[in-house]
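Student: The structure is given below, and queries will be raised subsequently.
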Amino acid sequence: MAPGDLSFTAEGLTVLLGGRELVRADSFSLAGGDIAWISAPSGAGKSTFLRGLTRLIDTTGKIYMGDVKSDSIPAHLWRRKVTLLPFPPVPLGDTIEEDLLAPFKLSVRKGDPLPTQALMLDYIERCGLDNYGLKRDTDRLSQGELARLSIVRTLLSEPDVLLLDEPTANVDDVSRELLAELVSAFAKGGRIVIATGHSKPWSSVNRYFEITDGELRERR
Amino acid sequence: MSGGAIPISWVDMLLASSFIFVSAAISLFTGLGLHRSLLWAALRGILQLTMLGFALRWIFSISSPLIVLGFIALMLVFANHTMLSRVRRPPKGLYFRGLAALAVPGVTVTFAVTTMVIGVDPATDPRYLLPLAGMVIGNSMSAMSVVLDRLYSDLRANSGRIATLLALGAKPREAVWREAQQALRAGMIPTLNSMSAAGLVFIPGMMTGQILSGTDPSIAARYQVVILLMISAATAMGSVLAIYIGYRRSFSASDVFTLDR
């Protein structure tokens with residue numbers, strides 16, 4: 001997919017939590033290659049907004065990926081394309097390898113080629129976990145290491161739109177840069193990344209948003 | 001079953017209850033706080049079983065199919081109520097589904113055994129039907145309440161993992177399957193234990209009763225085998241149904257997981 005081919009758009013979107021309106025986004029539009037960063041104080045609804053985009057919670061309004069409207073396909077098919085990594089990260093397998101392969105055990109990826117050992121090793125090297133190999137137990141990883149592993153897992157699952165909630169929380173400065181490079185490489189392939197966070201955004205971010213008074217606005 | 005057991009007088013009953021008072025006294029003096037619920041449960045047990053004795057005597061004497069079936073319906077309603085009251089923070093919409101999940105295996109298995117295995121005639125003979133239905137429904141109820149309680153507490157505890165799986169494109173069933181398996185296992189453990197330890201560790205209640213009232217132990221053993229198998233079958237089916245109705249109620253119609261807040 002060439003950069004720019006993909007588009008991800010929300011129109012008149014309202015994300016509801018417990019029937020209450022929490023975040024509004026009147027028009028929100030990203031194109032392939034974009035890396036968006038949403039910053040807002042705690043409790044302003046960053047996570048809720050991402051959950052709304054991936055249909056983990058109910059929304060009103062319209063979300064499109066290309067010309068596919070979110071509610072025109074079953075929720076699990078939408079989430080396969082618009083995938084969220086929730087915060088805090090949790091392991092999905094007992095070892096690093098099992099964790100990375102967990103998305104491919106789901107019926108939605110039935111028949112998809114599994115990532116090769118070489119590819120998995122390459123990714124864990126690029127996020128700085130290479131000294132562990134693939135057989136390391138995931139319950140021996142620190143919070144920061146688990147955060148990096150779960151980002152690699154989500155990247156390998158090959159979504160079109162990648163939503164990352166607080167990807168740099170508990171991550172040191174060196175690892176932050178490694179993740180930034182991984183994510184930019186992913187976006188350069190024509191995909192879209194939307195991340196949230198309190199801290200300084202990655203240098204590769206090209207679109208900035210804020211949530212103030214329950215409304216998402218682009219900061220130019 | 002003639003001859004029967006040695007009758008128990010009211011004085012004997014009082015003697016039997018004295019042990020409960022001893023336990024309650026111990027609880028009271030040691031400050032363990034069990035005496036209230038112990039005495040209350042004992043009182044309920046005494047009253048309910050005494051009333052049941054009179055009710056069954058009346059039902060046996062008139063032997064009306066309608067009343068027998070009505071009694072089973074009442075059992076199901078009480079069982080459903082008890083089952084759901086054991087579930088902490090249940091989602092909405094479990095009442096009728098719970099009733100159906102109890103009734104379908106319970107009634108099917110009970111009638112299959114009375115009519116086809118034991119060959120009771122008429123099929124609604126309360127002497128056979130009511131005790132058997134009670135055992136089947138009661139055991140299913142216990143297992144299903146454990147299944148549902150465990151299911152919802154595990155789903156809540158693991159909501160982060162479930163959300164992560166869902167967000168990767170898991171179908172609701174796939175996202176909660178591990179928790180469902182654990183809950184099913186937890187609910188079935190007592191049934192599995194009672195099957196594998198029967199005769200070695202304990203002489204089951206019904207067999208005890210039949211032996212006490214003079215039935216030949218080998219006939220009593222055959223009855224107990226039939227009962228054990230039907231109880232286990234109904235419990236297993238009920239528990240699987242409980243898993244299906246249970247996990248589906250933790251998702252909205254739009255596949256939104258509703259237990260993570």
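Just remember, in the structure tokens the first chain shown is A, the second B, etc., residues are 1-based per chain, and ligands are 1-based in the order shown.
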Need to verify the contact set: stretch 160-177 of chain A, 6 Å, only C-alpha atoms, exclusion of same-chain residues closer than 4 positions in sequence. Can you return it as a list in words?
Tutor: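 Near stretch 160-177 of chain A, the qualifying residues are Lys81, Val82, Thr83, Leu84, Leu85, Pro86, Phe87, Gly144, Arg191, Ile192, Val193, Ile194, Ala195, Thr196 and Gly197 of chain A.
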Student: Those residues with C-alpha atoms, as an mmCIF file, in the first residue's frame please?
Tutor:
data_model
loop_
_atom_site.group_PDB
_atom_site.id
_atom_site.type_symbol
_atom_site.label_atom_id
_atom_site.label_comp_id
_atom_site.auth_asym_id
_atom_site.auth_seq_id
_atom_site.Cartn_x
_atom_site.Cartn_y
_atom_site.Cartn_z
ATOM 1 C CA LYS A 81 -8.323 -3.595 10.604
ATOM 2 C CA VAL A 82 -8.521 -0.912 13.300
ATOM 3 C CA THR A 83 -6.631 -2.530 16.169
ATOM 4 C CA LEU A 84 -6.121 -1.069 19.619
ATOM 5 C CA LEU A 85 -3.417 -1.902 22.117
ATOM 6 C CA PRO A 86 -5.092 -1.045 25.435
ATOM 7 C CA PHE A 87 -3.263 0.231 28.482
ATOM 8 C CA GLY A 144 8.372 -1.453 30.303
ATOM 9 C CA ARG A 191 -0.591 2.569 7.480
ATOM 10 C CA ILE A 192 -1.985 4.926 10.126
ATOM 11 C CA VAL A 193 -0.911 5.201 13.762
ATOM 12 C CA ILE A 194 -2.797 7.003 16.520
ATOM 13 C CA ALA A 195 -1.122 7.158 19.935
ATOM 14 C CA THR A 196 -1.978 8.871 23.199
ATOM 15 C CA GLY A 197 0.251 10.027 26.007
#
Student: Tell me as a ChimeraX atom specification which residues belonging to chain A come within 6 Å of chain B, counting only C-alpha atoms.
Tutor: /A:56-57,76,79-80,83-84,90,106
Student: Can you write out the residues you just picked, keeping C-alpha atoms, as a JSON list (two decimals), in the first residue's frame?
Tutor:
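File selection-v7.json, as written:
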[["chain", "number", "residue", "atom", "x", "y", "z"],
["A", 56, "LEU", "CA", -14.86, -1.61, 21.99],
["A", 57, "ILE", "CA", -17.47, 0.85, 23.23],
["A", 76, "HIS", "CA", -14.39, -8.34, 15.01],
["A", 79, "ARG", "CA", -11.14, -4.50, 14.95],
["A", 80, "ARG", "CA", -8.90, -6.66, 12.81],
["A", 83, "THR", "CA", -6.63, -2.53, 16.17],
["A", 84, "LEU", "CA", -6.12, -1.07, 19.62],
["A", 90, "VAL", "CA", -1.07, -7.67, 29.44],
["A", 106, "LEU", "CA", -7.83, -16.01, 16.38]]
Student: Assign secondary structure with DSSP using the backbone only, and return the residues of stretch 59-175 of chain A in strand (DSSP E or B) as a list in words.
Tutor: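 Filtering stretch 59-175 of chain A down to strand (DSSP E or B) leaves Thr59, Thr60, Gly61, Lys62, Ile63, Tyr64, Met65, Val68, Lys69, Val82, Thr83, Leu84, Leu85, Thr95, Asp137, Val161, Leu162, Leu163 and Leu164 of chain A.
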Student: Keeping only C-alpha atoms, write the selected residues as a compact mmCIF listing (two decimals), in the first residue's frame.
Tutor:
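Below you can see out21.txt, which holds the result:
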# COMPACT_ATOMS: atom_id res chain seq x y z
CA THR A 59 -20.38 5.57 19.56
CA THR A 60 -22.76 7.69 17.58
CA GLY A 61 -21.70 9.30 14.33
CA LYS A 62 -19.70 7.79 11.51
CA ILE A 63 -16.27 6.23 11.26
CA TYR A 64 -14.83 5.25 7.88
CA MET A 65 -11.76 3.39 6.83
CA VAL A 68 -15.89 1.02 4.66
CA LYS A 69 -18.20 2.32 7.38
CA VAL A 82 -8.52 -0.91 13.30
CA THR A 83 -6.63 -2.53 16.17
CA LEU A 84 -6.12 -1.07 19.62
CA LEU A 85 -3.42 -1.90 22.12
CA THR A 95 6.61 -17.02 26.32
CA ASP A 137 8.72 -16.28 30.04
CA VAL A 161 -4.93 1.54 11.62
CA LEU A 162 -2.92 1.03 14.80
CA LEU A 163 -4.23 2.61 17.98
CA LEU A 164 -1.75 2.74 20.88
Student: Could you pull the residues within 10 Å of stretch 81-86 of chain B, counting only C-alpha atoms, minus those fewer than 3 positions along the same chain, as a list in words?
Tutor: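 Result of the neighbour search: Met75, Leu76, Val77, Phe78, Arg89, Pro90, Leu94, Tyr95, Gly98, Leu99, Leu102, Gly138, Ser140, Met141, Ser142, Ala143, Met144, Ser145, Val146, Val147, Leu148 and Asp149 of chain B.
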Student: Which one of B:Ile20, B:Ala157, B:Ala221, B:Ala234 sits closest to B:Gly45 if you count only C-alpha atoms?
Tutor: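 Among the listed residues, B:Ile20 lies closest to B:Gly45.
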Student: Separation of atom CA of B:Ile26 and atom CA of B:Leu14, in Å?
Tutor: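 Atom-to-atom, atom CA of B:Ile26 and atom CA of B:Leu14 are spaced 18.6 Å apart.
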Student: Near B:Val68, within 12 Å and counting only C-alpha atoms, which residues show up once chain neighbours fewer than 4 positions away are dropped, as a ChimeraX atom specification?
Tutor: /B:55-56,58-64,72-75,122-131,133-134
Student: Any idea what's packed within 12 Å of A:Ile38, counting only C-alpha atoms, ignoring anything in its chain fewer than 5 positions away? Could you give it as a PyMOL selection string?
Tutor: chain A and resi 28+44-50+163-167+193-202+205-212+215-219
Student: Please compute the atom CA of B:Arg36-atom CA of B:Trp10 distance, one decimal, in Å.
Tutor: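 For atom CA of B:Arg36 relative to atom CA of B:Trp10, the distance reads 23.6 Å.
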Student: Go through B:Arg178, B:Gly4, B:Arg249, B:Gly238 and flag the residue nearest A:Leu92, using only C-alpha atoms for the distances.
Tutor: B:Arg178
Student: Can you pull out the residues contacting A:Glu125? Cut-off 12 Å, using only C-alpha atoms, and skip same-chain residues under 6 positions away; I want them as a ChimeraX atom specification.
Tutor: /A:118-119,131-134,148-149,152,175,178-179,182
Student: With N, CA, C and O atoms retained, could you export that selection as a PDB file, in the first residue's frame?
Tutor:
ATOM      1  N   ALA A 118      12.575 -15.609  12.116  1.00  0.00           N
ATOM      2  CA  ALA A 118      13.522 -14.540  11.781  1.00  0.00           C
ATOM      3  C   ALA A 118      12.858 -13.169  11.934  1.00  0.00           C
ATOM      4  O   ALA A 118      13.447 -12.230  12.474  1.00  0.00           O
ATOM      5  N   LEU A 119      11.596 -13.082  11.474  1.00  0.00           N
ATOM      6  CA  LEU A 119      10.896 -11.799  11.558  1.00  0.00           C
ATOM      7  C   LEU A 119      10.654 -11.414  13.016  1.00  0.00           C
ATOM      8  O   LEU A 119      10.873 -10.264  13.418  1.00  0.00           O
ATOM      9  N   ASN A 131      18.189  -9.687  23.787  1.00  0.00           N
ATOM     10  CA  ASN A 131      18.984 -10.568  24.636  1.00  0.00           C
ATOM     11  C   ASN A 131      18.146 -11.670  25.273  1.00  0.00           C
ATOM     12  O   ASN A 131      18.674 -12.578  25.887  1.00  0.00           O
ATOM     13  N   TYR A 132      16.832 -11.612  25.144  1.00  0.00           N
ATOM     14  CA  TYR A 132      15.972 -12.617  25.759  1.00  0.00           C
ATOM     15  C   TYR A 132      15.675 -13.805  24.835  1.00  0.00           C
ATOM     16  O   TYR A 132      15.266 -14.850  25.304  1.00  0.00           O
ATOM     17  N   GLY A 133      15.808 -13.643  23.539  1.00  0.00           N
ATOM     18  CA  GLY A 133      15.389 -14.698  22.634  1.00  0.00           C
ATOM     19  C   GLY A 133      13.867 -14.825  22.647  1.00  0.00           C
ATOM     20  O   GLY A 133      13.171 -13.994  23.238  1.00  0.00           O
ATOM     21  N   LEU A 134      13.346 -15.880  22.022  1.00  0.00           N
ATOM     22  CA  LEU A 134      11.889 -16.003  21.894  1.00  0.00           C
ATOM     23  C   LEU A 134      11.271 -16.848  22.991  1.00  0.00           C
ATOM     24  O   LEU A 134      10.063 -16.884  23.150  1.00  0.00           O
ATOM     25  N   ARG A 148       6.821  -2.885  25.422  1.00  0.00           N
ATOM     26  CA  ARG A 148       7.481  -2.981  24.106  1.00  0.00           C
ATOM     27  C   ARG A 148       7.051  -4.255  23.379  1.00  0.00           C
ATOM     28  O   ARG A 148       6.751  -4.227  22.185  1.00  0.00           O
ATOM     29  N   LEU A 149       7.011  -5.370  24.129  1.00  0.00           N
ATOM     30  CA  LEU A 149       6.603  -6.632  23.507  1.00  0.00           C
ATOM     31  C   LEU A 149       5.187  -6.527  22.939  1.00  0.00           C
ATOM     32  O   LEU A 149       4.917  -6.983  21.817  1.00  0.00           O
ATOM     33  N   VAL A 152       5.141  -4.728  19.679  1.00  0.00           N
ATOM     34  CA  VAL A 152       5.628  -5.593  18.598  1.00  0.00           C
ATOM     35  C   VAL A 152       4.536  -6.582  18.184  1.00  0.00           C
ATOM     36  O   VAL A 152       4.272  -6.786  16.997  1.00  0.00           O
ATOM     37  N   SER A 175      14.387   3.174  24.963  1.00  0.00           N
ATOM     38  CA  SER A 175      13.349   2.330  24.382  1.00  0.00           C
ATOM     39  C   SER A 175      12.294   3.164  23.657  1.00  0.00           C
ATOM     40  O   SER A 175      11.734   2.747  22.640  1.00  0.00           O
ATOM     41  N   LEU A 178      13.474   3.631  20.266  1.00  0.00           N
ATOM     42  CA  LEU A 178      13.368   2.396  19.494  1.00  0.00           C
ATOM     43  C   LEU A 178      11.927   2.196  19.019  1.00  0.00           C
ATOM     44  O   LEU A 178      11.675   1.842  17.853  1.00  0.00           O
ATOM     45  N   LEU A 179      10.992   2.441  19.932  1.00  0.00           N
ATOM     46  CA  LEU A 179       9.575   2.289  19.573  1.00  0.00           C
ATOM     47  C   LEU A 179       9.183   3.288  18.502  1.00  0.00           C
ATOM     48  O   LEU A 179       8.459   2.957  17.558  1.00  0.00           O
ATOM     49  N   LEU A 182      10.264   1.946  15.204  1.00  0.00           N
ATOM     50  CA  LEU A 182       9.401   0.838  14.769  1.00  0.00           C
ATOM     51  C   LEU A 182       8.081   1.353  14.205  1.00  0.00           C
ATOM     52  O   LEU A 182       7.610   0.916  13.158  1.00  0.00           O
TER      53      LEU A 182
END
Student: Compile the contact shell of B:Met207 as a VMD selection string: residues with an atom at most 8 Å away, counting only C-alpha atoms, same-chain residues fewer than 6 positions apart removed.
Tutor: chain B and resid 217 220 to 221 223 to 224
Student: Print the selection's residues with N, CA and C atoms to a file, as a short mmCIF file (atom, residue, chain, number, x, y, z; two decimals), in the first residue's frame.
Tutor:
data_model
loop_
_atom_site.label_atom_id
_atom_site.label_comp_id
_atom_site.auth_asym_id
_atom_site.auth_seq_id
_atom_site.Cartn_x
_atom_site.Cartn_y
_atom_site.Cartn_z
N PRO B 217 -28.74 -53.92 49.50
CA PRO B 217 -27.66 -53.00 49.11
C PRO B 217 -27.29 -53.07 47.63
N ALA B 220 -29.84 -51.08 45.87
CA ALA B 220 -29.58 -49.68 46.21
C ALA B 220 -28.39 -49.16 45.42
N ALA B 221 -27.38 -50.02 45.23
CA ALA B 221 -26.20 -49.59 44.49
C ALA B 221 -26.55 -49.29 43.03
N TYR B 223 -29.46 -48.35 41.85
CA TYR B 223 -30.18 -47.08 41.83
C TYR B 223 -29.20 -45.91 41.92
N GLN B 224 -28.23 -46.07 42.83
CA GLN B 224 -27.30 -44.97 43.04
C GLN B 224 -26.46 -44.70 41.78
#
Student: Find the distance between atom CA of B:Ala233 and atom CA of B:Thr110 and write it in Å to one decimal.
Tutor: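 Going from atom CA of B:Ala233 over to atom CA of B:Thr110 covers 10.4 Å.
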Student: Running DSSP on the backbone, which parts of stretch 41-257 of chain B land in alpha helix (DSSP H), as a ChimeraX atom specification?
Tutor: /B:41-62,65-85,95-111,126-157,159-167,172-197,205-212,217-248
